[in-house]
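Structure data follow from model_39.pdb (PDB, C-alpha atoms):
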ATOM      1  CA  MET P 958      26.429  -3.274   6.951  1.00  0.00           C
ATOM      2  CA  ARG P 959      27.935  -1.612   9.996  1.00  0.00           C
ATOM      3  CA  ILE P 960      27.803   2.021  11.098  1.00  0.00           C
ATOM      4  CA  PHE P 961      30.960   3.678  12.435  1.00  0.00           C
ATOM      5  CA  ALA P 962      31.509   7.262  13.558  1.00  0.00           C
ATOM      6  CA  VAL P 963      34.293   9.764  14.136  1.00  0.00           C
ATOM      7  CA  SER P 964      34.120  13.508  14.737  1.00  0.00           C
ATOM      8  CA  ASP P 965      36.299  16.602  14.699  1.00  0.00           C
ATOM      9  CA  LEU P 966      38.919  15.674  12.120  1.00  0.00           C
ATOM     10  CA  HIS P 967      39.997  19.345  11.869  1.00  0.00           C
ATOM     11  CA  MET P 968      41.840  18.709   8.629  1.00  0.00           C
ATOM     12  CA  CYS P 969      44.065  21.318   6.995  1.00  0.00           C
ATOM     13  CA  SER P 970      45.878  20.320   3.825  1.00  0.00           C
ATOM     14  CA  LYS P 971      47.725  23.650   3.840  1.00  0.00           C
ATOM     15  CA  GLY P 972      49.382  22.798   7.158  1.00  0.00           C
ATOM     16  CA  SER P 973      48.501  26.175   8.654  1.00  0.00           C
ATOM     17  CA  LYS P 974      46.466  24.720  11.534  1.00  0.00           C
ATOM     18  CA  PRO P 975      48.555  21.961  13.145  1.00  0.00           C
ATOM     19  CA  MET P 976      46.529  20.212  15.832  1.00  0.00           C
ATOM     20  CA  ASP P 977      49.493  18.804  17.787  1.00  0.00           C
ATOM     21  CA  ILE P 978      49.840  22.169  19.539  1.00  0.00           C
ATOM     22  CA  PHE P 979      46.876  20.954  21.624  1.00  0.00           C
ATOM     23  CA  GLY P 980      48.739  17.994  23.069  1.00  0.00           C
ATOM     24  CA  SER P 981      50.120  14.532  22.437  1.00  0.00           C
ATOM     25  CA  LYS P 982      46.738  13.025  21.488  1.00  0.00           C
ATOM     26  CA  TRP P 983      46.895  15.098  18.320  1.00  0.00           C
ATOM     27  CA  GLU P 984      50.319  13.888  17.190  1.00  0.00           C
ATOM     28  CA  ASN P 985      49.890  12.033  13.872  1.00  0.00           C
ATOM     29  CA  TYR P 986      46.223  11.683  14.760  1.00  0.00           C
ATOM     30  CA  LEU P 987      44.951  11.491  11.178  1.00  0.00           C
ATOM     31  CA  GLU P 988      47.358   8.672  10.357  1.00  0.00           C
ATOM     32  CA  LYS P 989      46.077   6.785  13.424  1.00  0.00           C
ATOM     33  CA  ILE P 990      42.441   7.337  12.418  1.00  0.00           C
ATOM     34  CA  PHE P 991      43.078   6.217   8.846  1.00  0.00           C
ATOM     35  CA  GLU P 992      44.965   3.120  10.005  1.00  0.00           C
ATOM     36  CA  ASP P 993      42.030   2.139  12.223  1.00  0.00           C
ATOM     37  CA  TRP P 994      39.620   2.938   9.374  1.00  0.00           C
ATOM     38  CA  HIS P 995      41.488   0.568   7.048  1.00  0.00           C
ATOM     39  CA  LYS P 996      41.294  -2.212   9.648  1.00  0.00           C
ATOM     40  CA  LYS P 997      37.581  -1.897  10.384  1.00  0.00           C
ATOM     41  CA  VAL P 998      35.597  -0.554   7.461  1.00  0.00           C
ATOM     42  CA  SER P 999      34.364  -2.395   4.365  1.00  0.00           C
ATOM     43  CA  ASP P1000      32.811  -0.982   1.197  1.00  0.00           C
ATOM     44  CA  ASP P1001      29.329  -1.816   2.487  1.00  0.00           C
ATOM     45  CA  ASP P1002      29.759   0.072   5.771  1.00  0.00           C
ATOM     46  CA  VAL P1003      28.835   3.659   6.639  1.00  0.00           C
ATOM     47  CA  VAL P1004      31.095   6.143   8.434  1.00  0.00           C
ATOM     48  CA  LEU P1005      29.477   9.137  10.119  1.00  0.00           C
ATOM     49  CA  ILE P1006      31.685  12.235  10.385  1.00  0.00           C
ATOM     50  CA  GLY P1007      30.272  14.506  13.045  1.00  0.00           C
ATOM     51  CA  GLY P1008      31.408  17.965  12.067  1.00  0.00           C
ATOM     52  CA  ASP P1009      34.495  20.172  12.358  1.00  0.00           C
ATOM     53  CA  ILE P1010      35.772  18.411   9.287  1.00  0.00           C
ATOM     54  CA  SER P1011      38.052  21.082   7.836  1.00  0.00           C
ATOM     55  CA  TRP P1012      39.606  24.376   8.912  1.00  0.00           C
ATOM     56  CA  ALA P1013      38.983  25.752   5.405  1.00  0.00           C
ATOM     57  CA  MET P1014      37.109  28.991   4.968  1.00  0.00           C
ATOM     58  CA  GLU P1015      35.838  28.230   1.449  1.00  0.00           C
ATOM     59  CA  LEU P1016      34.489  25.104  -0.234  1.00  0.00           C
ATOM     60  CA  PRO P1017      37.339  24.504  -2.761  1.00  0.00           C
ATOM     61  CA  GLU P1018      39.900  24.340   0.033  1.00  0.00           C
ATOM     62  CA  ALA P1019      37.641  22.087   2.109  1.00  0.00           C
ATOM     63  CA  LEU P1020      37.330  19.733  -0.851  1.00  0.00           C
ATOM     64  CA  GLU P1021      41.132  19.437  -0.882  1.00  0.00           C
ATOM     65  CA  ASP P1022      41.006  18.276   2.725  1.00  0.00           C
ATOM     66  CA  ILE P1023      38.087  15.927   2.104  1.00  0.00           C
ATOM     67  CA  SER P1024      39.904  14.371  -0.850  1.00  0.00           C
ATOM     68  CA  VAL P1025      42.175  12.443   1.525  1.00  0.00           C
ATOM     69  CA  LEU P1026      39.096  10.475   2.603  1.00  0.00           C
ATOM     70  CA  ILE P1027      38.274   9.306  -0.921  1.00  0.00           C
ATOM     71  CA  PRO P1028      40.492   6.176  -0.863  1.00  0.00           C
ATOM     72  CA  LEU P1029      38.988   5.074   2.455  1.00  0.00           C
ATOM     73  CA  LYS P1030      36.218   2.494   2.336  1.00  0.00           C
ATOM     74  CA  GLY P1031      32.606   3.027   3.276  1.00  0.00           C
ATOM     75  CA  LYS P1032      29.911   5.587   2.600  1.00  0.00           C
ATOM     76  CA  LYS P1033      30.879   8.858   4.293  1.00  0.00           C
ATOM     77  CA  THR P1034      28.065  10.926   5.823  1.00  0.00           C
ATOM     78  CA  LEU P1035      28.939  14.441   6.953  1.00  0.00           C
ATOM     79  CA  ILE P1036      27.380  16.976   9.312  1.00  0.00           C
ATOM     80  CA  ARG P1037      28.418  20.590   9.810  1.00  0.00           C
ATOM     81  CA  GLY P1038      30.427  21.619  12.870  1.00  0.00           C
ATOM     82  CA  ASN P1039      30.943  25.046  14.404  1.00  0.00           C
ATOM     83  CA  HIS P1040      34.334  25.426  12.672  1.00  0.00           C
ATOM     84  CA  ASP P1041      33.129  24.380   9.226  1.00  0.00           C
ATOM     85  CA  TYR P1042      32.955  27.947   7.906  1.00  0.00           C
ATOM     86  CA  TRP P1043      33.174  26.619   4.337  1.00  0.00           C
ATOM     87  CA  TRP P1044      29.774  24.930   4.790  1.00  0.00           C
ATOM     88  CA  LYS P1045      27.427  27.511   3.235  1.00  0.00           C
ATOM     89  CA  SER P1046      25.259  26.416   0.323  1.00  0.00           C
ATOM     90  CA  ILE P1047      24.170  22.813   0.864  1.00  0.00           C
ATOM     91  CA  SER P1048      23.336  22.423  -2.834  1.00  0.00           C
ATOM     92  CA  LYS P1049      26.862  23.482  -3.834  1.00  0.00           C
ATOM     93  CA  ILE P1050      28.356  21.142  -1.285  1.00  0.00           C
ATOM     94  CA  ARG P1051      26.321  18.181  -2.475  1.00  0.00           C
ATOM     95  CA  ASN P1052      27.120  18.926  -6.098  1.00  0.00           C
ATOM     96  CA  SER P1053      30.836  19.161  -5.299  1.00  0.00           C
ATOM     97  CA  LEU P1054      31.351  16.191  -2.999  1.00  0.00           C
ATOM     98  CA  PRO P1055      32.989  13.074  -4.444  1.00  0.00           C
ATOM     99  CA  GLU P1056      30.948   9.946  -5.085  1.00  0.00           C
ATOM    100  CA  GLY P1057      30.121   8.090  -1.893  1.00  0.00           C
ATOM    101  CA  PHE P1058      29.917  11.241   0.254  1.00  0.00           C
ATOM    102  CA  TYR P1059      26.636  12.514   1.708  1.00  0.00           C
ATOM    103  CA  ALA P1060      26.054  15.869   3.420  1.00  0.00           C
ATOM    104  CA  LEU P1061      23.224  16.166   5.951  1.00  0.00           C
ATOM    105  CA  GLN P1062      21.479  19.434   6.658  1.00  0.00           C
ATOM    106  CA  ASN P1063      18.116  19.220   8.404  1.00  0.00           C
ATOM    107  CA  ASP P1064      17.294  16.042   6.478  1.00  0.00           C
ATOM    108  CA  CYS P1065      18.242  12.371   6.248  1.00  0.00           C
ATOM    109  CA  VAL P1066      19.833   9.673   4.150  1.00  0.00           C
ATOM    110  CA  LYS P1067      18.890   5.989   4.179  1.00  0.00           C
ATOM    111  CA  PHE P1068      21.241   3.029   3.809  1.00  0.00           C
ATOM    112  CA  GLY P1069      19.394  -0.281   3.858  1.00  0.00           C
ATOM    113  CA  ASN P1070      17.411  -0.276   7.085  1.00  0.00           C
ATOM    114  CA  LYS P1071      19.494   2.491   8.684  1.00  0.00           C
ATOM    115  CA  ILE P1072      18.274   6.094   8.495  1.00  0.00           C
ATOM    116  CA  ILE P1073      20.800   8.802   9.365  1.00  0.00           C
ATOM    117  CA  CYS P1074      19.405  12.246  10.165  1.00  0.00           C
ATOM    118  CA  GLY P1075      20.798  15.304  11.876  1.00  0.00           C
ATOM    119  CA  THR P1076      21.823  18.913  12.197  1.00  0.00           C
ATOM    120  CA  ARG P1077      24.671  20.912  13.730  1.00  0.00           C
ATOM    121  CA  GLY P1078      23.050  21.678  17.095  1.00  0.00           C
ATOM    122  CA  TRP P1079      24.209  24.316  19.568  1.00  0.00           C
ATOM    123  CA  CYS P1080      25.215  24.683  23.195  1.00  0.00           C
ATOM    124  CA  VAL P1081      22.233  24.060  25.457  1.00  0.00           C
ATOM    125  CA  GLU P1082      20.773  25.764  28.504  1.00  0.00           C
ATOM    126  CA  GLY P1083      22.776  25.048  31.635  1.00  0.00           C
ATOM    127  CA  SER P1084      26.084  24.811  29.765  1.00  0.00           C
ATOM    128  CA  PRO P1085      28.902  27.009  31.155  1.00  0.00           C
ATOM    129  CA  ASP P1086      29.261  28.818  27.824  1.00  0.00           C
ATOM    130  CA  PHE P1087      25.518  29.358  27.255  1.00  0.00           C
ATOM    131  CA  LYS P1088      24.667  33.061  27.109  1.00  0.00           C
ATOM    132  CA  GLU P1089      21.385  34.827  26.533  1.00  0.00           C
ATOM    133  CA  GLN P1090      22.373  35.509  22.920  1.00  0.00           C
ATOM    134  CA  ASP P1091      22.686  31.740  22.389  1.00  0.00           C
ATOM    135  CA  ARG P1092      19.014  31.158  23.140  1.00  0.00           C
ATOM    136  CA  LYS P1093      17.759  32.174  19.685  1.00  0.00           C
ATOM    137  CA  ILE P1094      20.278  29.906  17.921  1.00  0.00           C
ATOM    138  CA  TYR P1095      19.510  27.057  20.325  1.00  0.00           C
ATOM    139  CA  TYR P1096      15.798  27.216  19.553  1.00  0.00           C
ATOM    140  CA  ARG P1097      16.473  27.567  15.826  1.00  0.00           C
ATOM    141  CA  GLU P1098      18.699  24.480  15.851  1.00  0.00           C
ATOM    142  CA  ALA P1099      15.989  22.556  17.694  1.00  0.00           C
ATOM    143  CA  GLU P1100      13.584  23.406  14.881  1.00  0.00           C
ATOM    144  CA  ARG P1101      16.152  22.209  12.364  1.00  0.00           C
ATOM    145  CA  LEU P1102      16.497  18.954  14.258  1.00  0.00           C
ATOM    146  CA  LYS P1103      12.714  18.544  14.093  1.00  0.00           C
ATOM    147  CA  LEU P1104      12.937  18.920  10.306  1.00  0.00           C
ATOM    148  CA  ALA P1105      15.649  16.251  10.132  1.00  0.00           C
ATOM    149  CA  VAL P1106      13.718  13.832  12.328  1.00  0.00           C
ATOM    150  CA  SER P1107      10.517  14.484  10.373  1.00  0.00           C
ATOM    151  CA  ALA P1108      12.324  13.688   7.122  1.00  0.00           C
ATOM    152  CA  ALA P1109      13.543  10.421   8.641  1.00  0.00           C
ATOM    153  CA  GLN P1110      10.086   9.467   9.884  1.00  0.00           C
ATOM    154  CA  LYS P1111       8.651   9.940   6.393  1.00  0.00           C
ATOM    155  CA  VAL P1112      10.923   7.269   4.933  1.00  0.00           C
ATOM    156  CA  LYS P1113      10.983   4.967   7.947  1.00  0.00           C
ATOM    157  CA  GLU P1114       9.573   1.479   7.483  1.00  0.00           C
ATOM    158  CA  ASP P1115       9.082  -1.425   9.869  1.00  0.00           C
ATOM    159  CA  GLY P1116      12.438  -2.675  11.075  1.00  0.00           C
ATOM    160  CA  ASP P1117      14.331   0.516  10.244  1.00  0.00           C
ATOM    161  CA  GLU P1118      16.697   2.081  12.775  1.00  0.00           C
ATOM    162  CA  MET P1119      17.040   5.864  13.140  1.00  0.00           C
ATOM    163  CA  ILE P1120      20.455   7.235  14.086  1.00  0.00           C
ATOM    164  CA  CYS P1121      20.886  10.950  14.678  1.00  0.00           C
ATOM    165  CA  LEU P1122      24.144  12.797  13.980  1.00  0.00           C
ATOM    166  CA  ILE P1123      24.697  16.127  15.746  1.00  0.00           C
ATOM    167  CA  HIS P1124      27.888  18.088  16.300  1.00  0.00           C
ATOM    168  CA  TYR P1125      27.300  19.708  19.693  1.00  0.00           C
ATOM    169  CA  PRO P1126      26.587  17.667  22.822  1.00  0.00           C
ATOM    170  CA  PRO P1127      22.786  17.523  23.109  1.00  0.00           C
ATOM    171  CA  PHE P1128      22.888  18.048  26.886  1.00  0.00           C
ATOM    172  CA  ASN P1129      24.886  20.025  29.440  1.00  0.00           C
ATOM    173  CA  VAL P1130      27.587  18.657  31.744  1.00  0.00           C
ATOM    174  CA  ARG P1131      24.882  17.531  34.206  1.00  0.00           C
ATOM    175  CA  ARG P1132      23.201  15.738  31.304  1.00  0.00           C
ATOM    176  CA  GLU P1133      19.891  17.394  31.954  1.00  0.00           C
ATOM    177  CA  ASP P1134      17.036  17.246  29.477  1.00  0.00           C
ATOM    178  CA  SER P1135      17.215  19.689  26.570  1.00  0.00           C
ATOM    179  CA  LEU P1136      15.128  20.534  23.537  1.00  0.00           C
ATOM    180  CA  PHE P1137      17.349  18.129  21.606  1.00  0.00           C
ATOM    181  CA  THR P1138      16.999  15.167  23.963  1.00  0.00           C
ATOM    182  CA  LYS P1139      13.228  15.628  24.090  1.00  0.00           C
ATOM    183  CA  ILE P1140      13.046  15.543  20.296  1.00  0.00           C
ATOM    184  CA  PHE P1141      15.087  12.323  20.202  1.00  0.00           C
ATOM    185  CA  GLU P1142      12.864  10.667  22.767  1.00  0.00           C
ATOM    186  CA  GLU P1143       9.594  11.784  21.171  1.00  0.00           C
ATOM    187  CA  ALA P1144      10.779  10.492  17.781  1.00  0.00           C
ATOM    188  CA  ASP P1145      11.926   7.166  19.245  1.00  0.00           C
ATOM    189  CA  VAL P1146      15.541   7.767  18.157  1.00  0.00           C
ATOM    190  CA  LYS P1147      17.628   5.108  19.863  1.00  0.00           C
ATOM    191  CA  LYS P1148      21.174   6.205  18.990  1.00  0.00           C
ATOM    192  CA  VAL P1149      22.759   9.660  18.830  1.00  0.00           C
ATOM    193  CA  VAL P1150      26.307  10.492  17.728  1.00  0.00           C
ATOM    194  CA  TYR P1151      27.954  13.773  18.755  1.00  0.00           C
ATOM    195  CA  GLY P1152      31.386  15.390  19.029  1.00  0.00           C
ATOM    196  CA  HIS P1153      32.748  18.885  19.744  1.00  0.00           C
ATOM    197  CA  LEU P1154      34.212  18.074  23.165  1.00  0.00           C
ATOM    198  CA  HIS P1155      37.999  18.162  23.526  1.00  0.00           C
ATOM    199  CA  GLY P1156      40.614  18.257  26.239  1.00  0.00           C
ATOM    200  CA  LYS P1157      41.198  16.611  29.568  1.00  0.00           C
ATOM    201  CA  ASP P1158      38.767  18.829  31.462  1.00  0.00           C
ATOM    202  CA  CYS P1159      35.587  17.918  29.581  1.00  0.00           C
ATOM    203  CA  ARG P1160      33.201  15.206  30.699  1.00  0.00           C
ATOM    204  CA  THR P1161      34.063  12.445  28.290  1.00  0.00           C
ATOM    205  CA  ASP P1162      32.155   9.216  28.844  1.00  0.00           C
ATOM    206  CA  LEU P1163      32.243   7.750  25.364  1.00  0.00           C
ATOM    207  CA  LYS P1164      28.808   6.163  25.742  1.00  0.00           C
ATOM    208  CA  ILE P1165      25.914   6.884  28.040  1.00  0.00           C
ATOM    209  CA  VAL P1166      22.274   5.833  28.062  1.00  0.00           C
ATOM    210  CA  LYS P1167      19.736   8.502  28.985  1.00  0.00           C
ATOM    211  CA  ASN P1168      15.993   7.805  29.001  1.00  0.00           C
ATOM    212  CA  GLY P1169      16.475   4.852  26.691  1.00  0.00           C
ATOM    213  CA  VAL P1170      18.643   6.680  24.143  1.00  0.00           C
ATOM    214  CA  GLU P1171      22.278   5.682  23.543  1.00  0.00           C
ATOM    215  CA  TYR P1172      24.625   8.668  23.170  1.00  0.00           C
ATOM    216  CA  TYR P1173      28.083   8.218  21.625  1.00  0.00           C
ATOM    217  CA  LEU P1174      30.831  10.827  21.982  1.00  0.00           C
ATOM    218  CA  THR P1175      33.111  10.404  18.971  1.00  0.00           C
ATOM    219  CA  SER P1176      35.516  13.377  19.115  1.00  0.00           C
ATOM    220  CA  CYS P1177      38.631  11.735  17.712  1.00  0.00           C
ATOM    221  CA  ASP P1178      41.009  12.787  20.506  1.00  0.00           C
ATOM    222  CA  GLN P1179      38.597  11.475  23.133  1.00  0.00           C
ATOM    223  CA  ALA P1180      38.034   8.191  21.267  1.00  0.00           C
ATOM    224  CA  ASP P1181      41.781   7.469  21.085  1.00  0.00           C
ATOM    225  CA  ASN P1182      41.797   8.353  17.361  1.00  0.00           C
ATOM    226  CA  LYS P1183      39.693   5.317  16.512  1.00  0.00           C
ATOM    227  CA  LEU P1184      36.342   4.868  14.835  1.00  0.00           C
ATOM    228  CA  THR P1185      33.446   4.017  17.137  1.00  0.00           C
ATOM    229  CA  LEU P1186      31.118   1.177  16.186  1.00  0.00           C
ATOM    230  CA  ILE P1187      27.561   2.483  16.425  1.00  0.00           C
ATOM    231  CA  SER P1188      25.475  -0.257  14.827  1.00  0.00           C
ATOM    232  CA  GLU P1189      25.984  -3.739  13.344  1.00  0.00           C
TER
END
Exercise: express the given structure as structure tokens:
Amino acid sequence: MRIFAVSDLHMCSKGSKPMDIFGSKWENYLEKIFEDWHKKVSDDDVVLIGGDISWAMELPEALEDISVLIPLKGKKTLIRGNHDYWWKSISKIRNSLPEGFYALQNDCVKFGNKIICGTRGWCVEGSPDFKEQDRKIYYREAERLKLAVSAAQKVKEDGDEMICLIHYPPFNVRREDSLFTKIFEEADVKKVVYGHLHGKDCRTDLKIVKNGVEYYLTSCDQADNKLTLISE
């Protein structure tokens, strides 16, 4: 079993939110992602989808977008992004998702010896867009991450690997410590997947290692519209 990841699909089955207005990387980007998916992923693999899945405002419309993923192989594990306005009641989402789809919200799911946990996250202190009003949400999201990590630790056995899925970058552009990075390190999380970052002006190293933790940026436009291998 292998773990792959991709983030920020920004799907819109209605065609009202074309992404190619943001540049050439977004031209036919979903077709490119799906082609790569077909090449790499088997039924036994897991694909992490790190938020900003659909532009939909309500769950039924989001399910239309998500339906295009059904024929693709692998177990799909989803996290909420800042644009996933349709993501409201987690129980309704879980009851509505097709077979083989898993929605994370402050908890975890286990596949073999791999435990996937996570939460949405938020912009962190020291980020250019961090304002005083963000502080409350930032601290709240840190508490939610603690819940997710705690859930993973409860089911963890010898030989298991914890992978955390978060939408927002867990550090600022200087990659300073944050509440999120401290939680990862204290919980002995070794791999973290995140997205959210777009455009030529963002700091886009696809993989860095900070204090022993591997961080993978998987925003699809930054990853050349390909899935990133996280674990074999």
Gap from CA of Ser1011 in chain P to CA of Thr1034 in chain P - Å, one decimal: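 Value for the CA of Ser1011 in chain P-CA of Thr1034 in chain P distance: 14.4 Å.
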I'd like to see the residues matched by the PyMOL selection byres ((chain P and resi 1071) around 12) on this file, and ideally I'd get them as a PyMOL selection string. chain P and resi 958-960+1002-1003+1065-1070+1072-1074+1109-1110+1112-1121+1146-1148+1187-1189
Which one of P:Val1166, P:Ile1047, P:Ile1123, P:Cys1177 sits closest to His967 in chain P if you count only C-alpha atoms?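 The shortest atom-to-atom distance to His967 in chain P comes from P:Cys1177.
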Evaluate the PyMOL selection byres ((chain P and resi 1017) around 12) here and jot the selected residues down as a PyMOL selection string. chain P and resi 970+1011-1016+1018-1024+1043-1045+1049-1050+1053-1054
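Put simply, CA of Lys1183 in chain P is 8.4 Å away from CA of Phe991 in chain P.
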Hits from the PyMOL selection byres ((chain P and resi 1062) around 8), listed as a list in words: Ile1036, Arg1037, Ile1047, Ala1060, Leu1061, Asn1063, Asp1064, Cys1065, Gly1075, Thr1076, Arg1077 and Ala1105 of chain P
Generate a file of the selected residues that holds C-alpha atoms, formatted as a PDB file, in the frame of the given file.
ATOM      1  CA  ILE P1036      27.380  16.976   9.312  1.00  0.00           C
ATOM      2  CA  ARG P1037      28.418  20.590   9.810  1.00  0.00           C
ATOM      3  CA  ILE P1047      24.170  22.813   0.864  1.00  0.00           C
ATOM      4  CA  ALA P1060      26.054  15.869   3.420  1.00  0.00           C
ATOM      5  CA  LEU P1061      23.224  16.166   5.951  1.00  0.00           C
ATOM      6  CA  ASN P1063      18.116  19.220   8.404  1.00  0.00           C
ATOM      7  CA  ASP P1064      17.294  16.042   6.478  1.00  0.00           C
ATOM      8  CA  CYS P1065      18.242  12.371   6.248  1.00  0.00           C
ATOM      9  CA  GLY P1075      20.798  15.304  11.876  1.00  0.00           C
ATOM     10  CA  THR P1076      21.823  18.913  12.197  1.00  0.00           C
ATOM     11  CA  ARG P1077      24.671  20.912  13.730  1.00  0.00           C
ATOM     12  CA  ALA P1105      15.649  16.251  10.132  1.00  0.00           C
TER      13      ALA P1105
END
Box in all listed atoms of range 1096-1112 of chain P, axis-aligned, with 3 Å more on each side; write out centre and edge lengths in Å to one decimal as AutoDock Vina command-line options.
--center_x 13.7 --center_y 17.4 --center_z 12.2 --size_x 16.0 --size_y 26.3 --size_z 20.6
Test item: residues at most 8 Å from range 1086-1100 of chain P, all atoms listed in the file, excluding those fewer than 6 positions along its chain, as a list of chain:residue names: P:Thr1076, P:Arg1077, P:Gly1078, P:Trp1079, P:Cys1080, P:Leu1136, P:Phe1137
Could you state the separation of CA of Thr1175 in chain P and CA of Phe961 in chain P in Å, given to one decimal place?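 Answer for the CA of Thr1175 in chain P to CA of Phe961 in chain P separation: 9.6 Å.
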Need the shell around Asp993 in chain P: protein/DNA/RNA residues with any atom at most 12 Å away, counting only C-alpha atoms. Skip same-chain ones fewer than 2 positions apart. Format as a VMD selection string? chain P and resid 961 to 963 986 to 991 995 to 999 1029 to 1030 1177 1180 to 1186
So that I can check the surroundings of Asp1134 in chain P, please list as number ranges by chain every protein, DNA and RNA residue that reaches within 10 Å of it, counting all atoms listed in the file and ignoring chain neighbours fewer than 4 positions away. P: 1081-1083, 1127-1129, 1138-1139, 1167-1168
